[in-house]
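*Asks:* The following block contains the structure, expressed as structure tokens.
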Amino acid sequence: MSLLSLKSVRAGYGSADIIQGVDLNVVPAETVALLGPNGAGKSTLLKAIAGVARVSSGSVTFDGQSLTALSPAERAAAGVAFLPQDRNVFRTLSVAENLAVSAWGCADAAARIEEVLRLLPNLSALMRKPAGRLSGGQRQMVALAMALMARPRILLVDEPTAGLSPRLVGETLDLLLGLAQAGLGILIVEQNARAALTRVQRALILVDGKVVRSGAASDLAAEPDFGRLFFGEAA
Amino acid sequence: MQVVVNALASAAIIAPAAVGFTLTFMLFRYANFAVGAFVMLGAFAAWTVNVTAGLPLWAGGIAALAIGAMTVALSDRLVFRPLQGRTGATLLLVSVALSFVLENVIRFFYGSQIKGFDLPLTGPLMIGDLRITREALAVVTISGIAILSTAALLTLTPIGRALRAVADNTSLADVRGLPVGSIQTVGMIIAGALFGLSGTLVGIDLAIDPGLSWAVTIPIIAAAIFGGLGSPLGAALGALAIGFAEELTVMFLAPAYKGAVGFMVIVVVLLLRPQGLLGVAVDRK
Ligand SMILES: Nc1ncnc2c1ncn2[C@@H]1O[C@H](COP(=O)(O)OP(=O)(O)OP(=O)(O)O)[C@@H](O)[C@H]1O
Ligand SMILES: [Mg+2]
């Protein structure tokens, strides 16, 4: 049974559709990478699922329920957690405040913070620091922790390794994708295509708002024209 | 020394409104020029309860907070929220128009005659040569308590934290599941109550008439800009700066120039330090 299911989704901003008919499924505990060249519409697709970009036609369902009429906050409450590509922490709030505010309306906020800190123990030492003064890697960890405060069932992550050192890229992806073992579905947009393909189960390649190839990660990584596809020369 | 006392007193009057103005700007990124009209409305609410109904001034003050909170929340819902997404300049012009509407509504019901609170006459306290009126003492104390409470609310409580999160990044707040619209409304209620408080305080010091609206608008906005528009505490410090600048102008130049101080401060701050005293650069969305 699909956790997240997109059928013929067209989506974009204003009157223009960036996403031109995408089908996509993610089941619980599955890790799926969304790859493609700059400007392909990867972020737009995640935003459409999260309710930040407009869906003009097609259906987006989560756990069998249509999401299209729900606000971003309602989708978050339903179990869809979106980690934006940038500006993904409240920079003027401390790390502790970032976590607390992300548990808005939860009676057990303190327990949730503890739970997330067990998962990301490095954050404990940073709790009092303003989030605007963290390093890139630390900021991504805080953003992830914030998303997890809602105890989501699917994680939509947009380029969590942007700007990180090669060593941190691997570590970050391992940590993030490891969360799927607990049943979380993960849809990740990643520039480091090779690093992603060695760690996820399935991948889709998006070019100009359309899925041009999809399949098992190992199959895609083995394709001879993978580089060409990824850089968008073929469609 | 007397100038310090006078400056403190005039700062204390505009400080709550400057904090409210800053809160509005932080949440919505527009300059609400109706701030003076809301303050004037608060003064009339307090006057009505105090003089027409004959109740003590503290009851008038509470009425002013309530009326301020209500009109600001209503104008937010009916006027500003539907225009969300328009440029800051559009919203600014709308707020100027709203200010004229409010001023004329008050003129219609109350006339243009000058009014004053019904306060018992008391002699000033003398400390050496220093002359401190009991009213000034009360104004400074109440204003200080209000500003410290607002600061505590913003830094120590869950709703304050949520208000700062929404001000920091509205779209992220939405994505993280915060009820952004309701949080903004709470912010407007707080701002409105602060405007109402300034209205009560200004009525203790100055005559109450509909023209009060424009007399206080510029000093309030100057204080907020001086404070950086990103920090309520900065707005309170900005109010102090404006208070001192005004008193020094009266002392060394002429009382007639007092009204120009706010304009000068706005121009100088925008030229030299656009981010204000404590403010961080505001990124435009
Ligand atoms: N808020 C917006 N309003 C209008 N157009 C936008 C907006 N955001 C992105 N676009 C446009 O949508 C298209 C796809 O952008 P998108 O950010 O989804 O690409 P992407 O695949 O995530 O690229 P990247 O790898 O650079 O992050 C681009 O042409 C971009 O200019
Ligand atoms: Mg992107």
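Here, A, B, ... name the chains of the structure tokens in the order displayed, residue numbers run from 1 inside each chain, and ligands are numbered from 1 in the same displayed order.
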Taking the backbone alone, and naming residues the way the document does, which bits of stretch 182-256 of chain B are helix (DSSP H, G or I) by DSSP, as a ChimeraX atom specification?

*Replies:* /B:182-205,212-226,232-252,255-256

*Asks:* Which residues come within 7 Å of A:Leu83, counting only C-alpha atoms, excluding same-chain residues fewer than 3 positions away, as an NGL selection string?

*Replies:* :A and (88 or 143-144 or 147 or 156-158)

*Asks:* Set the distance at 9 Å and use only C-alpha atoms: which residues neighbour stretch 118-126 of chain A once local chain neighbours fewer than 2 positions away are removed? I'd like the list as a PyMOL selection string.

*Replies:* chain A and resi 94-96+113-116+128-131+134+138+141-142+145+175

*Asks:* Print the selection's residues with N, CA and C atoms to a file, as a PDB file, in the first residue's frame.

*Replies:*
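Saved file out-v8.pdb follows:
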```pdb
ATOM      1  N   SER A  94      17.056  30.269  18.958  1.00  0.00           N
ATOM      2  CA  SER A  94      18.089  29.313  19.341  1.00  0.00           C
ATOM      3  C   SER A  94      17.691  27.928  18.829  1.00  0.00           C
ATOM      4  N   VAL A  95      18.650  27.007  18.845  1.00  0.00           N
ATOM      5  CA  VAL A  95      18.356  25.647  18.403  1.00  0.00           C
ATOM      6  C   VAL A  95      17.228  25.051  19.245  1.00  0.00           C
ATOM      7  N   ALA A  96      17.318  25.255  20.574  1.00  0.00           N
ATOM      8  CA  ALA A  96      16.274  24.723  21.462  1.00  0.00           C
ATOM      9  C   ALA A  96      14.912  25.301  21.076  1.00  0.00           C
ATOM     10  N   ILE A 113      11.490  16.258  22.039  1.00  0.00           N
ATOM     11  CA  ILE A 113      12.827  16.831  21.920  1.00  0.00           C
ATOM     12  C   ILE A 113      13.866  15.797  22.373  1.00  0.00           C
ATOM     13  N   GLU A 114      13.598  15.133  23.486  1.00  0.00           N
ATOM     14  CA  GLU A 114      14.522  14.099  23.968  1.00  0.00           C
ATOM     15  C   GLU A 114      14.713  12.999  22.940  1.00  0.00           C
ATOM     16  N   GLU A 115      13.605  12.587  22.354  1.00  0.00           N
ATOM     17  CA  GLU A 115      13.619  11.521  21.355  1.00  0.00           C
ATOM     18  C   GLU A 115      14.507  11.920  20.171  1.00  0.00           C
ATOM     19  N   VAL A 116      14.349  13.158  19.709  1.00  0.00           N
ATOM     20  CA  VAL A 116      15.131  13.621  18.566  1.00  0.00           C
ATOM     21  C   VAL A 116      16.603  13.779  18.945  1.00  0.00           C
ATOM     22  N   ARG A 128      21.699  26.133  22.879  1.00  0.00           N
ATOM     23  CA  ARG A 128      21.526  27.557  23.191  1.00  0.00           C
ATOM     24  C   ARG A 128      21.969  28.476  22.065  1.00  0.00           C
ATOM     25  N   LYS A 129      22.569  27.903  21.043  1.00  0.00           N
ATOM     26  CA  LYS A 129      23.129  28.718  19.972  1.00  0.00           C
ATOM     27  C   LYS A 129      22.036  29.223  19.025  1.00  0.00           C
ATOM     28  N   PRO A 130      22.130  30.492  18.581  1.00  0.00           N
ATOM     29  CA  PRO A 130      21.180  30.950  17.563  1.00  0.00           C
ATOM     30  C   PRO A 130      21.392  30.146  16.279  1.00  0.00           C
ATOM     31  N   ALA A 131      20.304  29.705  15.678  1.00  0.00           N
ATOM     32  CA  ALA A 131      20.426  28.831  14.515  1.00  0.00           C
ATOM     33  C   ALA A 131      21.107  29.533  13.346  1.00  0.00           C
ATOM     34  N   LEU A 134      24.995  28.673  13.008  1.00  0.00           N
ATOM     35  CA  LEU A 134      25.492  27.292  12.890  1.00  0.00           C
ATOM     36  C   LEU A 134      26.263  27.119  11.598  1.00  0.00           C
ATOM     37  N   GLN A 138      25.671  21.600  10.682  1.00  0.00           N
ATOM     38  CA  GLN A 138      24.865  21.708  11.897  1.00  0.00           C
ATOM     39  C   GLN A 138      23.462  22.188  11.568  1.00  0.00           C
ATOM     40  N   MET A 141      21.308  19.475  10.315  1.00  0.00           N
ATOM     41  CA  MET A 141      20.885  18.573  11.395  1.00  0.00           C
ATOM     42  C   MET A 141      19.726  19.180  12.189  1.00  0.00           C
ATOM     43  N   VAL A 142      19.809  20.500  12.426  1.00  0.00           N
ATOM     44  CA  VAL A 142      18.723  21.165  13.151  1.00  0.00           C
ATOM     45  C   VAL A 142      17.442  21.127  12.306  1.00  0.00           C
ATOM     46  N   ALA A 145      16.049  17.734  12.580  1.00  0.00           N
ATOM     47  CA  ALA A 145      15.454  17.535  13.900  1.00  0.00           C
ATOM     48  C   ALA A 145      14.093  18.214  13.978  1.00  0.00           C
ATOM     49  N   LEU A 175      22.896   8.962   7.727  1.00  0.00           N
ATOM     50  CA  LEU A 175      22.057   9.243   8.881  1.00  0.00           C
ATOM     51  C   LEU A 175      20.593   9.428   8.468  1.00  0.00           C
TER      52      LEU A 175
END
```

*Asks:* Mind listing the residues within 10 Å of ligand 1, only C-alpha atoms and all ligand atoms counted, as a ChimeraX atom specification?

*Replies:* /A:11-19,34-48,52-53,85-86,158-159,162,189-191,206-209

*Asks:* Give the residues of chain A that lie within 7 Å of chain B; count only C-alpha atoms, and format the answer as a ChimeraX atom specification.

*Replies:* /A:72-74,76-77,82,88,90,92,97,101-102,104,147

*Asks:* Quick one: distance from atom CA of B:Asp209 to atom CA of B:Ile145 in Å, one decimal?

*Replies:*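 Answer for the atom CA of B:Asp209 to atom CA of B:Ile145 separation: 26.6 Å.
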
*Asks:* From the set A:Ala180, A:Arg91, A:Ile188, A:Ala150, which residue has the shortest atom-to-atom contact distance to ligand 2, counting only C-alpha atoms and all ligand atoms?

*Replies:* A:Ile188

*Asks:* Hey, which of A:Asp174, A:Leu168, A:Pro84, A:Gly58 ends up closest to ligand 2? Count only C-alpha atoms and all ligand atoms.

*Replies:*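 The answer is A:Pro84, which sits nearest to ligand 2.
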
*Asks:* Counting only C-alpha atoms and all ligand atoms, which residue out of A:Pro160, A:Arg112, A:Ala50, A:Arg153 sits closest to ligand 2?

*Replies:*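 With only C-alpha atoms and all ligand atoms as the atom set, the closest residue is A:Pro160.
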
*Asks:* Give me, please, the distance in Å between atom CA of B:Ile189 and atom CA of B:Pro232, quoted to one decimal.

*Replies:*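 Those two atoms sit 15.2 Å apart.
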